[in-house]
$ cat model.txt   # compact mmCIF, C-alpha atoms and all ligand atoms
# COMPACT_ATOMS: atom_id res chain seq x y z
CA MET A 27 54.55 -17.11 64.85
CA SER A 28 51.87 -16.20 62.33
CA ASP A 29 48.93 -14.03 63.23
CA HIS A 30 45.89 -16.05 64.34
CA TYR A 31 43.50 -13.79 62.44
CA GLU A 32 45.48 -14.22 59.24
CA THR A 33 45.65 -17.97 59.80
CA LEU A 34 41.85 -18.16 59.89
CA GLY A 35 41.47 -15.51 57.18
CA VAL A 36 39.20 -13.25 59.23
CA SER A 37 39.41 -9.57 60.16
CA ARG A 38 40.48 -8.50 63.63
CA ASP A 39 36.92 -7.47 64.49
CA ALA A 40 35.36 -10.73 63.28
CA THR A 41 32.43 -11.97 65.34
CA ALA A 42 32.53 -15.28 67.19
CA ASP A 43 30.23 -16.71 64.55
CA GLU A 44 32.47 -15.61 61.67
CA ILE A 45 35.48 -17.14 63.42
CA LYS A 46 33.63 -20.41 63.91
CA LYS A 47 32.52 -20.53 60.26
CA ALA A 48 36.03 -19.75 58.99
CA TYR A 49 37.50 -22.45 61.22
CA ARG A 50 34.98 -25.11 60.13
CA LYS A 51 35.65 -24.39 56.48
CA LEU A 52 39.43 -24.68 56.91
CA ALA A 53 39.21 -27.70 59.22
CA ARG A 54 37.14 -29.59 56.65
CA LYS A 55 39.70 -28.80 53.97
CA LEU A 56 42.82 -29.50 56.03
CA HIS A 57 41.72 -32.40 58.19
CA PRO A 58 44.47 -35.10 58.17
CA ASP A 59 41.95 -37.67 56.94
CA VAL A 60 41.24 -35.48 53.90
CA SER A 61 44.61 -33.86 53.24
CA PRO A 62 47.51 -35.95 54.51
CA GLY A 63 50.72 -33.96 54.75
CA LYS A 64 48.97 -30.80 55.88
CA GLU A 65 49.09 -31.68 59.58
CA ASP A 66 51.14 -28.61 60.48
CA GLU A 67 48.74 -26.26 58.79
CA PHE A 68 45.81 -28.06 60.41
CA LYS A 69 47.46 -27.72 63.82
CA ARG A 70 48.06 -24.00 63.24
CA VAL A 71 44.43 -23.47 62.30
CA SER A 72 43.20 -25.46 65.32
CA HIS A 73 45.44 -23.51 67.65
CA ALA A 74 44.32 -20.18 66.19
CA TYR A 75 40.69 -21.21 66.69
CA ASP A 76 41.40 -22.39 70.22
CA VAL A 77 42.67 -18.92 71.10
CA LEU A 78 40.17 -16.81 69.16
CA SER A 79 37.08 -18.81 70.13
CA ASP A 80 37.73 -18.23 73.84
CA PRO A 81 36.77 -14.61 74.68
CA GLU A 82 39.30 -14.45 77.51
CA LYS A 83 42.17 -15.86 75.43
CA ARG A 84 41.20 -13.66 72.49
CA ARG A 85 41.18 -10.50 74.60
CA ASN A 86 44.58 -11.45 75.94
CA TYR A 87 45.91 -12.12 72.48
CA ASP A 88 44.58 -8.77 71.25
CA LEU A 89 46.29 -7.05 74.16
CA GLY A 90 49.59 -8.49 73.06
CA GLY A 91 49.76 -11.57 75.24
CA SER A 92 51.51 -14.67 74.02
CA ALA A 93 50.26 -16.61 71.03
CA ASN A 94 48.80 -19.17 73.41
CA GLY A 95 46.35 -16.56 74.52
CA THR A 96 47.90 -16.40 77.95
CA ALA A 97 50.33 -13.86 79.16
CA GLY A 98 52.24 -15.95 81.65
CA PRO A 99 55.83 -15.41 82.70
CA GLY A 100 57.02 -16.71 79.34
CA ALA A 101 55.37 -13.84 77.50
CA GLY A 102 57.87 -11.28 78.75
CA PHE A 103 61.34 -10.63 77.57
CA GLY A 104 64.21 -12.75 78.77
CA GLY A 105 63.52 -15.62 76.41
CA PHE A 106 66.27 -17.16 74.37
CA SER A 107 65.60 -15.15 71.24
CA ASP A 108 65.85 -11.88 73.17
CA LEU A 109 69.17 -12.94 74.56
CA PHE A 110 70.31 -13.80 71.07
CA GLU A 111 69.22 -10.44 69.73
CA THR A 112 70.88 -8.62 72.60
CA PHE A 113 74.24 -10.03 71.60
CA PHE A 114 73.91 -9.84 67.88
CA GLY A 115 71.90 -6.68 67.51
CA GLY A 116 68.69 -8.30 66.42
CA GLY A 117 68.17 -8.88 62.74
CA GLY A 118 65.76 -11.50 61.48
CA GLY A 119 62.55 -12.43 63.17
CA ALA A 120 59.56 -10.20 63.68
CA PRO A 121 59.86 -7.68 66.49
CA SER A 122 58.04 -9.13 69.47
CA GLY A 123 57.03 -5.81 71.03
CA PRO A 124 56.88 -5.02 74.70
CA PRO A 125 55.26 -7.53 77.04
CA SER A 126 51.65 -7.05 78.05
CA ARG A 127 50.80 -5.75 81.51
CA THR A 128 47.98 -8.23 81.50
CA GLN A 129 49.11 -11.49 83.05
CA ARG A 130 47.37 -14.66 84.02
CA GLY A 131 46.82 -15.06 87.78
CA GLN A 132 48.85 -17.58 89.73
CA ASP A 133 47.54 -21.05 90.51
CA ALA A 134 47.05 -21.87 94.17
CA LEU A 135 47.04 -25.08 96.20
CA LEU A 136 44.44 -25.40 98.94
CA HIS A 137 44.46 -28.10 101.62
CA VAL A 138 40.98 -29.12 102.71
CA ARG A 139 40.29 -31.46 105.61
CA ILE A 140 37.09 -33.45 105.22
CA PRO A 141 35.23 -35.91 107.46
CA LEU A 142 35.40 -39.60 106.56
CA ARG A 143 31.63 -39.57 105.90
CA THR A 144 32.15 -37.05 103.07
CA ALA A 145 34.81 -39.32 101.55
CA VAL A 146 32.36 -42.24 101.71
CA PHE A 147 29.40 -40.50 100.05
CA GLY A 148 30.82 -37.28 98.54
CA GLY A 149 29.40 -33.88 99.39
CA THR A 150 30.20 -30.19 99.46
CA GLU A 151 32.50 -28.25 101.73
CA LYS A 152 32.66 -24.50 102.17
CA VAL A 153 36.08 -22.89 102.46
CA THR A 154 37.19 -19.29 102.67
CA VAL A 155 40.06 -18.24 100.43
CA GLU A 156 41.87 -14.95 100.24
CA THR A 157 42.44 -14.18 96.63
CA ALA A 158 42.70 -11.35 94.11
CA VAL A 159 39.58 -10.25 92.24
CA LEU A 160 39.07 -7.72 89.47
CA CYS A 161 39.20 -4.10 90.71
CA GLU A 162 35.67 -2.70 90.45
CA THR A 163 36.87 0.90 90.20
CA CYS A 164 38.98 0.55 87.06
CA ARG A 165 37.70 -2.83 85.78
CA GLY A 166 41.30 -3.99 85.42
CA GLU A 167 42.41 -0.96 83.40
CA CYS A 168 44.80 0.08 86.22
CA THR A 169 44.10 3.78 85.61
CA GLU A 170 42.04 6.22 87.66
CA PRO A 171 38.66 6.54 85.91
CA GLY A 172 38.79 9.36 83.36
CA THR A 173 42.53 8.98 82.79
CA SER A 174 44.32 6.56 80.52
CA ILE A 175 47.52 4.68 79.98
CA GLU A 176 50.11 6.63 77.97
CA THR A 177 52.96 5.65 75.73
CA CYS A 178 56.26 5.78 77.59
CA PRO A 179 58.03 9.02 76.60
CA LEU A 180 61.47 7.51 77.12
CA CYS A 181 61.32 4.40 74.95
CA HIS A 182 58.42 5.58 72.76
CA GLY A 183 56.45 2.43 73.49
CA THR A 184 59.07 -0.13 72.55
CA GLY A 185 59.81 -1.06 76.16
CA GLN A 186 63.50 -1.19 75.28
CA VAL A 187 66.30 1.36 75.38
CA GLN A 188 69.60 1.04 73.54
CA ARG A 189 72.82 1.25 75.47
CA VAL A 190 76.21 1.72 73.89
CA ALA A 191 79.03 -0.01 75.69
CA ARG A 192 82.75 0.15 74.91
CA THR A 193 84.35 -3.27 74.91
CA LEU A 194 87.65 -4.71 73.74
CA LEU A 195 85.94 -5.60 70.51
CA GLY A 196 84.80 -2.04 69.98
CA GLN A 197 81.44 -0.42 70.53
CA MET A 198 78.59 -2.72 71.30
CA VAL A 199 74.95 -1.70 71.17
CA THR A 200 72.66 -3.58 73.48
CA ASN A 201 68.96 -3.37 74.18
CA ALA A 202 67.83 -3.25 77.79
CA PRO A 203 64.36 -2.98 79.31
CA CYS A 204 63.32 0.62 79.79
CA ASN A 205 63.54 1.55 83.47
CA HIS A 206 60.90 4.25 83.22
CA CYS A 207 58.11 1.84 82.20
CA GLN A 208 59.62 -1.47 83.45
CA GLY A 209 59.74 -2.55 79.83
CA PHE A 210 55.96 -2.35 79.29
CA GLY A 211 56.23 0.52 76.80
CA THR A 212 53.42 2.33 78.59
CA VAL A 213 53.13 4.33 81.79
CA ILE A 214 50.19 5.01 84.07
CA PRO A 215 50.21 8.72 85.00
CA SER A 216 47.30 8.35 87.48
CA PRO A 217 47.11 4.83 88.90
CA CYS A 218 43.69 3.71 90.11
CA HIS A 219 43.35 4.62 93.80
CA SER A 220 41.52 1.39 94.70
CA CYS A 221 44.12 -1.04 93.41
CA GLN A 222 47.25 1.16 93.19
CA GLY A 223 47.34 0.45 89.47
CA GLU A 224 47.35 -3.35 89.75
CA GLY A 225 43.92 -3.81 88.22
CA ARG A 226 42.98 -6.24 90.99
CA VAL A 227 42.31 -6.16 94.72
CA ARG A 228 42.58 -8.74 97.49
CA GLN A 229 39.35 -10.17 98.78
CA ARG A 230 38.12 -12.99 100.99
CA ARG A 231 35.81 -15.25 99.08
CA GLU A 232 33.78 -18.27 100.12
CA LEU A 233 34.11 -21.26 97.82
CA SER A 234 31.76 -24.18 97.79
CA ILE A 235 33.73 -27.26 96.79
CA ARG A 236 31.97 -30.28 95.38
CA ILE A 237 33.74 -33.35 96.70
CA PRO A 238 33.46 -36.54 94.65
CA ALA A 239 32.62 -39.70 96.62
CA GLY A 240 35.66 -41.91 97.14
CA VAL A 241 38.39 -39.27 97.46
CA ASP A 242 41.31 -40.17 99.66
CA SER A 243 44.00 -38.17 101.43
CA GLY A 244 46.39 -36.71 98.87
CA ASN A 245 43.84 -36.70 96.02
CA ARG A 246 43.57 -33.40 94.18
CA ILE A 247 40.90 -31.73 92.09
CA ARG A 248 41.27 -28.61 89.96
CA LEU A 249 38.86 -25.70 90.17
CA SER A 250 39.44 -24.15 86.79
CA GLY A 251 39.49 -20.34 86.79
CA GLN A 252 38.77 -20.06 90.53
CA GLY A 253 42.23 -18.72 91.40
CA GLU A 254 43.41 -15.13 91.63
CA VAL A 255 42.74 -12.68 88.84
CA GLY A 256 45.99 -11.72 87.09
CA MET A 257 47.74 -8.36 86.94
CA ALA A 258 45.83 -5.70 84.97
CA GLY A 259 42.68 -7.81 84.99
CA GLY A 260 44.37 -10.85 83.43
CA PRO A 261 42.55 -14.18 83.37
CA PRO A 262 42.32 -16.01 86.69
CA GLY A 263 44.56 -18.92 87.65
CA ASP A 264 43.28 -22.27 88.90
CA ILE A 265 42.85 -23.55 92.43
CA TYR A 266 44.01 -27.06 93.18
CA VAL A 267 42.34 -28.65 96.19
CA GLU A 268 44.18 -31.40 98.02
CA PHE A 269 42.08 -33.47 100.41
CA ASP A 270 43.03 -34.73 103.81
CA ILE A 271 40.62 -37.16 105.50
CA GLU A 272 40.03 -36.60 109.22
CA PRO A 273 40.64 -39.69 111.34
CA HIS A 274 37.34 -41.20 112.56
CA GLU A 275 36.92 -42.47 116.12
CA VAL A 276 35.25 -45.73 115.09
CA PHE A 277 36.10 -46.46 111.45
CA SER A 278 39.46 -46.61 109.76
CA ARG A 279 39.94 -46.80 106.00
CA LYS A 280 42.08 -49.24 104.02
CA GLY A 281 41.62 -48.67 100.30
CA ASP A 282 37.87 -48.50 99.84
CA ASP A 283 37.13 -50.79 102.79
CA LEU A 284 36.19 -49.56 106.24
CA HIS A 285 37.37 -51.38 109.34
CA CYS A 286 36.11 -51.33 112.90
CA THR A 287 36.22 -53.48 116.03
CA VAL A 288 33.09 -54.55 117.94
CA THR A 289 33.25 -56.01 121.43
CA VAL A 290 30.70 -58.80 122.04
CA PRO A 291 29.88 -60.64 125.29
CA MET A 292 31.30 -64.14 125.58
CA THR A 293 27.78 -65.60 125.76
CA ALA A 294 26.77 -63.94 122.47
CA ALA A 295 29.93 -65.28 120.80
CA ALA A 296 29.22 -68.78 122.15
CA LEU A 297 25.48 -68.85 121.47
CA GLY A 298 25.33 -66.68 118.36
CA ALA A 299 23.36 -63.41 118.18
CA SER A 300 22.18 -60.59 115.96
CA MET A 301 23.45 -57.23 117.26
CA PRO A 302 22.61 -53.77 115.92
CA ILE A 303 25.66 -51.64 115.03
CA GLU A 304 25.87 -48.02 113.92
CA THR A 305 27.33 -47.53 110.41
CA PHE A 306 27.48 -44.63 107.92
CA ASP A 307 24.37 -46.24 106.40
CA GLY A 308 22.49 -46.14 109.68
CA GLU A 309 21.83 -49.06 112.01
CA GLN A 310 22.72 -52.45 110.55
CA ALA A 311 22.39 -55.98 111.97
CA LEU A 312 25.65 -57.73 112.77
CA ASP A 313 24.98 -61.47 112.63
CA ILE A 314 27.31 -63.41 114.90
CA GLU A 315 27.40 -67.15 114.38
CA ALA A 316 27.43 -69.46 117.38
CA GLY A 317 31.02 -70.22 118.36
CA ALA A 318 32.51 -66.98 116.96
CA GLN A 319 36.06 -66.35 118.07
CA SER A 320 37.85 -63.20 119.13
CA GLY A 321 39.71 -61.74 116.12
CA GLU A 322 37.23 -63.09 113.57
CA THR A 323 36.06 -60.68 110.89
CA ILE A 324 32.48 -60.29 109.68
CA VAL A 325 32.14 -58.63 106.27
CA LEU A 326 29.20 -56.33 105.53
CA PRO A 327 29.44 -56.01 101.73
CA GLY A 328 28.92 -52.64 100.07
CA LEU A 329 28.98 -50.56 103.24
CA GLY A 330 32.48 -49.18 102.62
CA VAL A 331 33.74 -46.17 100.67
CA THR A 332 32.34 -45.45 97.19
CA HIS A 333 34.84 -46.34 94.45
CA LEU A 334 36.22 -43.05 93.11
CA ARG A 335 36.09 -44.14 89.48
CA GLY A 336 33.37 -46.58 88.58
CA GLN A 337 30.48 -48.15 90.36
CA GLY A 338 29.93 -49.71 93.72
CA ARG A 339 31.46 -49.46 97.14
CA GLY A 340 34.01 -51.22 99.29
CA ASP A 341 33.04 -53.37 102.29
CA LEU A 342 32.70 -52.79 105.99
CA LYS A 343 34.88 -55.28 107.89
CA VAL A 344 33.95 -55.79 111.51
CA ARG A 345 36.53 -57.44 113.75
CA LEU A 346 35.07 -59.23 116.75
CA GLN A 347 36.55 -58.91 120.18
CA VAL A 348 35.06 -61.33 122.70
CA ALA A 349 34.78 -59.96 126.23
CA THR A 350 35.46 -62.43 129.01
CA PRO A 351 32.97 -61.86 131.83
CA GLY A 352 34.52 -60.46 135.02
CA LYS A 353 33.17 -59.72 138.51
CA LEU A 354 31.09 -62.90 138.73
CA ASP A 355 28.59 -63.18 141.55
CA GLY A 356 28.01 -66.48 143.35
CA LYS A 357 25.25 -67.75 141.08
CA GLN A 358 27.13 -66.88 137.85
CA ARG A 359 30.31 -68.49 139.09
CA GLU A 360 28.38 -71.63 139.96
CA LEU A 361 26.88 -71.80 136.46
CA LEU A 362 30.24 -71.31 134.76
CA GLU A 363 31.88 -73.94 136.92
CA LYS A 364 29.06 -76.28 136.00
CA LEU A 365 29.60 -75.50 132.29
CA ALA A 366 33.33 -76.11 132.61
CA GLU A 367 32.61 -79.45 134.21
CA LEU A 368 30.14 -80.42 131.48
CA ARG A 369 32.69 -79.51 128.80
CA GLY A 370 35.44 -81.47 130.52
CA GLU A 371 37.30 -78.21 131.14
CA ALA A 372 37.36 -78.35 134.93
CA VAL A 373 41.08 -79.02 134.64
CA PRO A 374 41.91 -76.95 131.54
CA GLN A 375 44.42 -78.19 128.97
CA ALA A 376 46.53 -75.58 127.21
CA SER A 377 46.98 -75.97 123.48
CA MET A 378 49.97 -74.03 122.17
CA GLY A 379 50.59 -72.81 118.69
CA ASN A 380 47.74 -72.64 116.25
CA THR A 381 49.30 -74.13 113.11
CA ALA A 382 51.30 -77.24 112.45
CA ARG A 383 54.32 -75.14 111.51
CA GLY A 384 53.96 -72.36 114.07
CA PRO A 385 57.02 -71.11 115.96
CA PHE A 386 56.56 -73.66 118.74
CA SER A 387 56.38 -76.67 116.45
CA ARG A 388 59.47 -75.51 114.58
CA LEU A 389 61.27 -75.16 117.90
CA ARG A 390 60.18 -78.65 118.92
CA GLU A 391 61.41 -80.10 115.62
CA ARG A 392 64.78 -78.48 116.01
CA PHE A 393 65.28 -79.94 119.51
CA ALA A 394 64.00 -83.35 118.42
CA GLY A 395 66.40 -83.43 115.46
CA ARG A 396 69.54 -82.91 117.52
ZN ZN B 1 41.68 -0.29 90.10
ZN ZN B 2 59.72 3.05 78.56

$ encode --input "model.txt" --output "structure tokens"
Amino acid sequence: MSDHYETLGVSRDATADEIKKAYRKLARKLHPDVSPGKEDEFKRVSHAYDVLSDPEKRRNYDLGGSANGTAGPGAGFGGFSDLFETFFGGGGGAPSGPPSRTQRGQDALLHVRIPLRTAVFGGTEKVTVETAVLCETCRGECTEPGTSIETCPLCHGTGQVQRVARTLLGQMVTNAPCNHCQGFGTVIPSPCHSCQGEGRVRQRRELSIRIPAGVDSGNRIRLSGQGEVGMAGGPPGDIYVEFDIEPHEVFSRKGDDLHCTVTVPMTAAALGASMPIETFDGEQALDIEAGAQSGETIVLPGLGVTHLRGQGRGDLKVRLQVATPGKLDGKQRELLEKLAELRGEAVPQASMGNTARGPFSRLRERFAGR
């Protein structure tokens, strides 16, 4: 892996402006539209700029993190090439040096339960997380103020010690991580008392999460850089927030539509009426047509959940349930009996099955056919 500074042709103490200028000059020259066949070089330049233009990544790179500018688990030893060199005594390839103490913080997954209303309109939710933040005492240096990190006296900063083993094939020299410094090549004689030399401390922190309208249970968002600070003041990880929508006592959600059931008196269903109902958009008029049946659905367009990507909202679908009047007094009973008589329903006729090919009609056909 070539050095990012060399790739851009700048000195190691180049300013952000110098880096930007150097990159622009090279990018213009190497852009695939201008110089076909130089894609690899273009990619290398872009990657170098990506690392060096980000102060955090650059700092990490300067401290000996990986070429990606992060010092994740892959930056340590134990990679394939190290294994190869262990067996064959190295040779070829630039020495990689000991791994950096500075590591990127872990990502974390947070489950957040939100009310249905927040899913409909979006909003913010405050949550408390326990996470690691930069140690104020040592500012991530890991050492007690006034002291400093020292080169490991055992491995002289290489992080590796050689072991000679006798095998059937003769003597074999292997490299192993230095136990004295855990392979870092450096030791901390006086670890910071606040963080015990970790460069970070645990802290409870309140996060305000902006919730986009339309989210559903299982949806995730990423809060970039809001996770724990890494070892030795390494860059923070990310927090992923997974939403869980609380069940609502009136409304249920199917896709971006909201569903609810409204009970209406039999007289209102028969005569038609306009009834106020409570929705997330305040009181709305539910217009019931004369002769409405139990189980019928009235659609209130645009009163559902906001579409997560794009414009507009789902609908509110109101299912009617017609309540048959009970506990009739004498006068009411008389009126209903009169109505039944007028409608020729004094001796009611049952009608069974509601479609021509319902279960009953099929049954009838089968008996008739035999
Ligand atoms: Zn500290
Ligand atoms: Zn050592």

$ residues_near_ligand --input "model.txt" --ligand "ligand ZN 1 (chain B)" --cutoff "6 Å" --atoms "all atoms listed in the file" --output "ChimeraX atom specification"
/A:161,163-164,166,168,218,220-221,223,225

$ residues_around --input "model.txt" --residues "stretch 318-323 of chain A" --least-positions-apart "6" --cutoff "8 Å" --atoms "all atoms listed in the file" --output "list in words"
Ala295, Ala296, Gly298, Lys343, Val344, Arg345, Leu346, Gln347 and Val348 of chain A

$ closest_residue --input "model.txt" --among "A:Glu304, A:Glu176, A:Glu162, A:Glu224" --to "ligand ZN 2 (chain B)" --atoms "all atoms listed in the file"
A:Glu176

$ residues_around --input "model.txt" --residues "A:Val276" --least-positions-apart "6" --cutoff "9 Å" --atoms "all atoms listed in the file" --output "list in words"
His285, Cys286 and Thr287 of chain A

$ residues_near_ligand --input "model.txt" --ligand "ligand ZN 2 (chain B)" --cutoff "9 Å" --atoms "only C-alpha atoms and all ligand atoms" --output "list in words"
Thr177, Cys178, Pro179, Leu180, Cys181, His182, Gly183, Thr184, Gly185, Gln186, Val187, Pro203, Cys204, Asn205, His206, Cys207, Gln208, Gly209, Phe210, Gly211, Thr212 and Val213 of chain A

$ residues_near_point --input "model.txt" --point "(28.5, -41.9, 101.4)" --cutoff "7 Å" --atoms "all atoms listed in the file" --output "list in words"
Arg143, Thr144, Ala145, Val146, Phe147, Gly148, Ala239, Val331 and Thr332 of chain A

$ atom_distance --input "model.txt" --atom1 "atom CA of A:Val267" --atom2 "atom CA of A:Asp80"
25.1 Å

$ residues_near_point --input "model.txt" --point "(27.4, -54.3, 108.3)" --cutoff "6 Å" --atoms "all atoms listed in the file" --output "PDB file with C-alpha atoms, in the frame of the given file"
ATOM      1  CA  GLN A 310      22.720 -52.450 110.550  1.00  0.00           C
ATOM      2  CA  LEU A 312      25.650 -57.730 112.770  1.00  0.00           C
ATOM      3  CA  LEU A 326      29.200 -56.330 105.530  1.00  0.00           C
ATOM      4  CA  LEU A 342      32.700 -52.790 105.990  1.00  0.00           C
TER       5      LEU A 342
END

$ residues_around --input "model.txt" --residues "stretch 156-160 of chain A" --least-positions-apart "5" --cutoff "9 Å" --atoms "only C-alpha atoms" --output "mmCIF file with C-alpha atoms, in the coordinates of the input"
data_model
loop_
_atom_site.group_PDB
_atom_site.id
_atom_site.type_symbol
_atom_site.label_atom_id
_atom_site.label_comp_id
_atom_site.auth_asym_id
_atom_site.auth_seq_id
_atom_site.Cartn_x
_atom_site.Cartn_y
_atom_site.Cartn_z
ATOM 1 C CA GLY A 131 46.820 -15.060 87.780
ATOM 2 C CA ARG A 165 37.700 -2.830 85.780
ATOM 3 C CA GLY A 166 41.300 -3.990 85.420
ATOM 4 C CA GLY A 225 43.920 -3.810 88.220
ATOM 5 C CA ARG A 226 42.980 -6.240 90.990
ATOM 6 C CA VAL A 227 42.310 -6.160 94.720
ATOM 7 C CA ARG A 228 42.580 -8.740 97.490
ATOM 8 C CA GLN A 229 39.350 -10.170 98.780
ATOM 9 C CA ARG A 230 38.120 -12.990 100.990
ATOM 10 C CA ARG A 231 35.810 -15.250 99.080
ATOM 11 C CA GLU A 232 33.780 -18.270 100.120
ATOM 12 C CA GLY A 253 42.230 -18.720 91.400
ATOM 13 C CA GLU A 254 43.410 -15.130 91.630
ATOM 14 C CA VAL A 255 42.740 -12.680 88.840
ATOM 15 C CA GLY A 256 45.990 -11.720 87.090
ATOM 16 C CA ALA A 258 45.830 -5.700 84.970
ATOM 17 C CA GLY A 259 42.680 -7.810 84.990
ATOM 18 C CA GLY A 260 44.370 -10.850 83.430
ATOM 19 C CA PRO A 262 42.320 -16.010 86.690
#

$ closest_residue --input "model.txt" --among "A:Leu361, A:Thr289, A:Thr154, A:Asp88" --to "A:Arg38" --atoms "only C-alpha atoms"
A:Asp88

$ atom_distance --input "model.txt" --atom1 "atom CA of A:Gly263" --atom2 "atom CA of A:Glu151"
20.8 Å

$ closest_residue --input "model.txt" --among "A:Phe68, A:Ser61, A:Arg84, A:Asp133" --to "A:Thr41" --atoms "all atoms listed in the file"
A:Arg84

$ axis_aligned_box --input "model.txt" --around "stretch 46-61 of chain A" --padding-each-side "3 Å" --output "AutoDock Vina command-line options"
--center_x 38.6 --center_y -28.7 --center_z 58.6 --size_x 18.1 --size_y 23.9 --size_z 16.7

$ atom_distance --input "model.txt" --atom1 "atom CA of A:Arg248" --atom2 "atom CA of A:Tyr266"
4.5 Å

$ closest_residue --input "model.txt" --among "A:Thr150, A:Gln129, A:Gln222, A:Ser72" --to "A:Leu89" --atoms "only C-alpha atoms"
A:Gln129

$ closest_residue --input "model.txt" --among "A:Lys280, A:Arg85, A:Lys64, A:Lys55" --to "A:Pro261" --atoms "only C-alpha atoms"
A:Arg85

$ closest_residue --input "model.txt" --among "A:Val325, A:Val288, A:Leu194, A:Ile214" --to "A:Glu170" --atoms "all atoms listed in the file"
A:Ile214
